[in-house]
Amino acid sequence: MKKIIAVDGPAGAGKSTVSKIVAARLGYTYIDTGAMYRAVALKCNEELGIRNEELTEELIVKVASDIDIRLDEAARVFLDGREVTKEIRTPEVSRGASDVAKVGFVRKKLTELQRAMAAQGSVIMDGRDIGTQVLPNADLKIFLTASVEERARRRFEELKSKGFAADFAQIQKEISLRDKQDSEREIAPLAKAEDAVLLDTTHLTIEQVVEEILRLAQA
Ligand code: CDP
């Protein structure tokens, strides 16, 4: 059985949905690294009270140098001791997460935290750079993708189900922008590791993707 599973891919590819189910079926811990970047962005927004466009690297480093981020076994997210699981899912925080994720100081800090969390094994971790940077020796690497229209549709449904107002065209635009920014940044860009298995989920159900990952994990 593969003990450390890395799942990477662009926004809305279904990483967290399928990773959570795979973790539950295998009795593994699910680690959502995107939630950590989102928590940094939320703290920047709250502490500085400024718009994403006004965030400078200096301000981001200042906020990130004194931050406590924790994930519990139920994948709840805590920022400086306060639960922020729902607050970090807004489109504004998504944009901010992609901005803070460009900063080397933030990446280094979160990468160390992520490695420490994975040290015991029996984990499935999802993000953008897990197979390439955080856990290059993972036993199984998956790169999940889907067409941008399908990913926008999934994010639209997710936001609606969580009670947020959502505009499909706007979401598609934001996802495309974030894909570009995440893939083109200098440090640890979104990329498929050479040894990752590519799964295009555009026409697959959640259960089909879960089954395929479980098969690969047991292979
Ligand atoms: O859920 P979604 O796929 O929209 O995003 P996420 O996984 O929560 O990640 C939010 C943002 O954090 C991404 O757009 C990336 O910019 C950043 N991120 C990253 O740089 N590295 C990771 N390992 C995870 C997320």
# chains A, B, ... in the order shown; residues from 1 in each chain; ligands from 1
$ closest_atom_pairs --of "range 96-159 of chain A" --to "range 194-200 of chain A" --cutoff "7 Å" --atoms "only C-alpha atoms" --output "tab-separated table"
residue	atom	partner	partner_atom	distance
A:Lys141	CA	A:Ala196	CA	4.5
A:Ile142	CA	A:Val197	CA	4.8
A:Phe143	CA	A:Leu198	CA	4.8
A:Leu144	CA	A:Leu199	CA	5.0
A:Thr145	CA	A:Asp200	CA	4.9
A:Ala146	CA	A:Asp200	CA	5.3
$ closest_atom_pairs --of "chain A" --to "ligand 1" --cutoff "8 Å" --atoms "only C-alpha atoms and all ligand atoms" --output "CSV"
residue,atom,partner,partner_atom_place_in_ligand_line,distance
A:Asp8,CA,ligand 1,23 (N),7.7
A:Gly9,CA,ligand 1,3 (O),7.4
A:Pro10,CA,ligand 1,3 (O),5.7
A:Ala11,CA,ligand 1,3 (O),3.2
A:Gly12,CA,ligand 1,3 (O),4.9
A:Ala13,CA,ligand 1,3 (O),6.8
A:Gly14,CA,ligand 1,3 (O),7.5
A:Lys15,CA,ligand 1,3 (O),6.9
A:Ser16,CA,ligand 1,1 (O),7.0
A:Asp32,CA,ligand 1,7 (O),7.0
A:Thr33,CA,ligand 1,24 (C),4.8
A:Gly34,CA,ligand 1,8 (O),3.5
A:Ala35,CA,ligand 1,8 (O),5.1
A:Met36,CA,ligand 1,25 (C),7.5
A:Tyr37,CA,ligand 1,12 (O),4.9
A:Arg38,CA,ligand 1,10 (C),5.9
A:Arg89,CA,ligand 1,8 (O),7.7
A:Ser94,CA,ligand 1,10 (C),5.4
A:Arg95,CA,ligand 1,14 (O),7.0
A:Gly96,CA,ligand 1,11 (C),7.9
A:Ala97,CA,ligand 1,11 (C),4.6
A:Ser98,CA,ligand 1,16 (O),3.2
A:Asp99,CA,ligand 1,16 (O),6.6
A:Val100,CA,ligand 1,16 (O),7.5
A:Ala101,CA,ligand 1,20 (O),4.5
A:Lys102,CA,ligand 1,20 (O),7.0
A:Arg107,CA,ligand 1,20 (O),7.5
A:Thr111,CA,ligand 1,23 (N),8.0
A:Asp126,CA,ligand 1,23 (N),6.7
A:Gly127,CA,ligand 1,23 (N),3.6
A:Arg128,CA,ligand 1,23 (N),4.2
A:Asp129,CA,ligand 1,23 (N),4.9
A:Ile130,CA,ligand 1,23 (N),5.8
A:Val134,CA,ligand 1,23 (N),7.8
A:Arg155,CA,ligand 1,4 (O),7.7
A:Ile175,CA,ligand 1,4 (O),7.6
A:Arg178,CA,ligand 1,14 (O),5.6
A:Asp179,CA,ligand 1,14 (O),7.0
A:Gln181,CA,ligand 1,16 (O),7.4
A:Asp182,CA,ligand 1,16 (O),5.1
A:Ala188,CA,ligand 1,20 (O),7.5
A:Pro189,CA,ligand 1,20 (O),7.2
A:Leu190,CA,ligand 1,20 (O),7.3
$ closest_residue --among "A:Phe168, A:Leu140, A:Leu110, A:Glu57" --to "Ser122 in chain A" --atoms "only C-alpha atoms"
A:Leu140
$ residues_around --residues "Ile31 in chain A" --least-positions-apart "5" --cutoff "12 Å" --atoms "only C-alpha atoms" --output "ChimeraX atom specification"
/A:4-7,15-17,19-20,22-23,36,70-77,113-119,121-127,130
$ write_last_selection --atoms "N, CA, C and O atoms" --output "short mmCIF file (atom, residue, chain, number, x, y, z; two decimals), in the first residue's frame"
data_model
loop_
_atom_site.label_atom_id
_atom_site.label_comp_id
_atom_site.auth_asym_id
_atom_site.auth_seq_id
_atom_site.Cartn_x
_atom_site.Cartn_y
_atom_site.Cartn_z
N ILE A 4 2.30 7.45 1.22
CA ILE A 4 2.25 8.91 1.06
C ILE A 4 1.75 9.21 -0.34
O ILE A 4 2.37 8.84 -1.33
N ILE A 5 0.60 9.88 -0.42
CA ILE A 5 -0.01 10.16 -1.71
C ILE A 5 -0.07 11.67 -1.91
O ILE A 5 -0.56 12.41 -1.06
N ALA A 6 0.45 12.13 -3.03
CA ALA A 6 0.46 13.55 -3.37
C ALA A 6 -0.54 13.78 -4.51
O ALA A 6 -0.52 13.06 -5.51
N VAL A 7 -1.41 14.78 -4.35
CA VAL A 7 -2.39 15.10 -5.40
C VAL A 7 -2.24 16.58 -5.75
O VAL A 7 -2.40 17.45 -4.90
N LYS A 15 -9.59 18.01 -6.43
CA LYS A 15 -8.55 17.47 -5.54
C LYS A 15 -9.05 17.22 -4.12
O LYS A 15 -8.88 16.13 -3.58
N SER A 16 -9.67 18.25 -3.53
CA SER A 16 -10.02 18.08 -2.11
C SER A 16 -11.18 17.11 -1.94
O SER A 16 -11.17 16.29 -1.03
N THR A 17 -12.15 17.15 -2.85
CA THR A 17 -13.29 16.23 -2.74
C THR A 17 -12.82 14.77 -2.79
O THR A 17 -13.16 13.98 -1.91
N SER A 19 -9.71 13.60 -2.51
CA SER A 19 -8.68 13.28 -1.51
C SER A 19 -9.32 12.95 -0.16
O SER A 19 -8.87 12.06 0.55
N LYS A 20 -10.37 13.71 0.19
CA LYS A 20 -11.07 13.45 1.46
C LYS A 20 -11.68 12.06 1.48
O LYS A 20 -11.59 11.35 2.47
N VAL A 22 -10.79 9.43 -0.42
CA VAL A 22 -9.73 8.42 -0.42
C VAL A 22 -9.15 8.28 0.99
O VAL A 22 -8.92 7.17 1.48
N ALA A 23 -8.93 9.42 1.65
CA ALA A 23 -8.37 9.39 3.01
C ALA A 23 -9.29 8.60 3.95
O ALA A 23 -8.84 7.75 4.71
N MET A 36 -4.00 26.25 3.83
CA MET A 36 -2.98 27.00 4.57
C MET A 36 -2.66 28.32 3.87
O MET A 36 -2.52 29.36 4.52
N ARG A 70 -3.40 25.65 11.83
CA ARG A 70 -3.56 24.24 12.17
C ARG A 70 -4.72 23.63 11.41
O ARG A 70 -5.73 24.31 11.17
N LEU A 71 -4.57 22.34 11.07
CA LEU A 71 -5.67 21.59 10.46
C LEU A 71 -5.96 20.44 11.41
O LEU A 71 -5.02 19.83 11.92
N ASP A 72 -7.24 20.15 11.66
CA ASP A 72 -7.51 19.00 12.53
C ASP A 72 -7.88 17.78 11.69
O ASP A 72 -7.90 17.84 10.46
N GLU A 73 -8.18 16.67 12.36
CA GLU A 73 -8.43 15.42 11.62
C GLU A 73 -9.68 15.52 10.76
O GLU A 73 -9.81 14.80 9.78
N ALA A 74 -10.58 16.44 11.08
CA ALA A 74 -11.78 16.60 10.27
C ALA A 74 -11.57 17.66 9.18
O ALA A 74 -12.53 18.16 8.60
N ALA A 75 -10.29 18.02 8.92
CA ALA A 75 -9.94 19.02 7.90
C ALA A 75 -10.50 20.40 8.21
O ALA A 75 -10.69 21.21 7.31
N ARG A 76 -10.77 20.66 9.50
CA ARG A 76 -11.15 22.03 9.87
C ARG A 76 -9.87 22.85 9.96
O ARG A 76 -8.80 22.32 10.28
N VAL A 77 -10.01 24.14 9.66
CA VAL A 77 -8.84 25.01 9.59
C VAL A 77 -8.88 26.04 10.71
O VAL A 77 -9.91 26.68 10.92
N LEU A 113 5.99 23.15 7.37
CA LEU A 113 4.85 22.68 8.16
C LEU A 113 4.23 21.44 7.51
O LEU A 113 3.91 20.44 8.17
N GLN A 114 4.08 21.49 6.19
CA GLN A 114 3.46 20.38 5.46
C GLN A 114 4.30 19.11 5.55
O GLN A 114 3.79 18.02 5.75
N ARG A 115 5.63 19.28 5.44
CA ARG A 115 6.51 18.10 5.55
C ARG A 115 6.42 17.49 6.93
O ARG A 115 6.40 16.27 7.09
N ALA A 116 6.37 18.34 7.94
CA ALA A 116 6.28 17.83 9.32
C ALA A 116 4.96 17.07 9.50
O ALA A 116 4.91 16.02 10.13
N MET A 117 3.89 17.57 8.87
CA MET A 117 2.59 16.90 9.01
C MET A 117 2.57 15.55 8.30
O MET A 117 1.85 14.64 8.70
N ALA A 118 3.38 15.43 7.24
CA ALA A 118 3.37 14.19 6.47
C ALA A 118 4.37 13.17 7.00
O ALA A 118 4.39 12.02 6.55
N ALA A 119 5.17 13.59 7.99
CA ALA A 119 6.31 12.76 8.42
C ALA A 119 5.90 11.37 8.90
O ALA A 119 6.65 10.41 8.72
N GLY A 121 3.55 9.50 7.74
CA GLY A 121 3.04 8.65 6.66
C GLY A 121 1.54 8.46 6.79
O GLY A 121 0.88 9.05 7.66
N SER A 122 0.99 7.60 5.91
CA SER A 122 -0.46 7.40 5.84
C SER A 122 -1.18 8.74 5.66
O SER A 122 -2.10 9.08 6.40
N VAL A 123 -0.72 9.48 4.66
CA VAL A 123 -1.34 10.78 4.38
C VAL A 123 -1.65 10.91 2.90
O VAL A 123 -0.96 10.33 2.05
N ILE A 124 -2.66 11.71 2.63
CA ILE A 124 -2.92 12.15 1.26
C ILE A 124 -2.95 13.67 1.34
O ILE A 124 -3.69 14.25 2.11
N MET A 125 -2.05 14.29 0.58
CA MET A 125 -1.89 15.75 0.66
C MET A 125 -2.19 16.35 -0.70
O MET A 125 -1.68 15.86 -1.71
N ASP A 126 -2.99 17.40 -0.75
CA ASP A 126 -3.27 18.00 -2.05
C ASP A 126 -2.82 19.46 -2.11
O ASP A 126 -2.69 20.12 -1.10
N GLY A 127 -2.50 19.90 -3.34
CA GLY A 127 -2.03 21.26 -3.52
C GLY A 127 -1.60 21.51 -4.96
O GLY A 127 -2.25 21.05 -5.91
N ILE A 130 2.95 19.61 -4.45
CA ILE A 130 3.21 18.53 -3.49
C ILE A 130 4.15 17.49 -4.12
O ILE A 130 5.17 17.13 -3.53
#
$ atom_distance --atom1 "CA of Asn52 in chain A" --atom2 "CA of Glu92 in chain A"
7.9 Å
$ closest_residue --among "A:Gly104, A:Pro91, A:Gly131, A:Pro136" --to "Asp167 in chain A" --atoms "only C-alpha atoms"
A:Pro91
$ select_by_dssp --residues "range 81-172 of chain A" --states "strand (DSSP E)" --output "ChimeraX atom specification"
/A:82-83,123-127,140-145
$ closest_residue --among "A:Ala191, A:Ala24, A:Met1, A:Val18" --to "Glu207 in chain A" --atoms "only C-alpha atoms"
A:Val18
$ residues_around --residues "Val61 in chain A" --least-positions-apart "4" --cutoff "10 Å" --atoms "only C-alpha atoms" --output "count of residues only"
11
$ select_by_dssp --residues "range 78-132 of chain A" --states "alpha helix (DSSP H)" --output "list in words"
Pro91, Glu92, Val93, Ser94, Arg95, Gly96, Ala97, Ser98, Asp99, Val100, Gly104, Phe105, Val106, Arg107, Lys108, Lys109, Leu110, Thr111, Glu112, Leu113, Gln114, Arg115, Ala116, Met117 and Ala118 of chain A
$ residues_around --residues "Glu157 in chain A" --least-positions-apart "5" --cutoff "9 Å" --atoms "only C-alpha atoms" --output "list of chain:residue names"
A:Ala152, A:Lys162, A:Ala166
$ write_last_selection --atoms "all heavy atoms" --output "tab-separated table (two decimals), in the first residue's frame"
chain	number	residue	atom	x	y	z
A	152	ALA	N	-15.00	25.35	-13.56
A	152	ALA	CA	-15.79	26.51	-13.14
A	152	ALA	C	-17.19	26.07	-12.72
A	152	ALA	O	-17.74	26.56	-11.73
A	152	ALA	CB	-15.89	27.53	-14.28
A	162	LYS	N	-22.53	26.14	-0.48
A	162	LYS	CA	-22.05	26.67	0.79
A	162	LYS	C	-22.72	27.99	1.15
A	162	LYS	O	-22.37	28.63	2.13
A	162	LYS	CB	-20.53	26.87	0.74
A	162	LYS	CG	-19.80	25.54	0.78
A	162	LYS	CD	-18.31	25.67	0.82
A	162	LYS	CE	-17.69	24.29	1.02
A	162	LYS	NZ	-16.33	24.19	0.48
A	166	ALA	N	-22.84	33.32	-6.31
A	166	ALA	CA	-21.85	32.90	-7.31
A	166	ALA	C	-22.31	33.27	-8.71
A	166	ALA	O	-23.48	33.15	-9.05
A	166	ALA	CB	-21.64	31.39	-7.21
$ closest_residue --among "A:Leu135, A:Leu204, A:Leu177, A:Ala165" --to "Val148 in chain A" --atoms "only C-alpha atoms"
A:Leu177
$ atom_distance --atom1 "CA of Val84 in chain A" --atom2 "CA of Gly163 in chain A"
15.5 Å
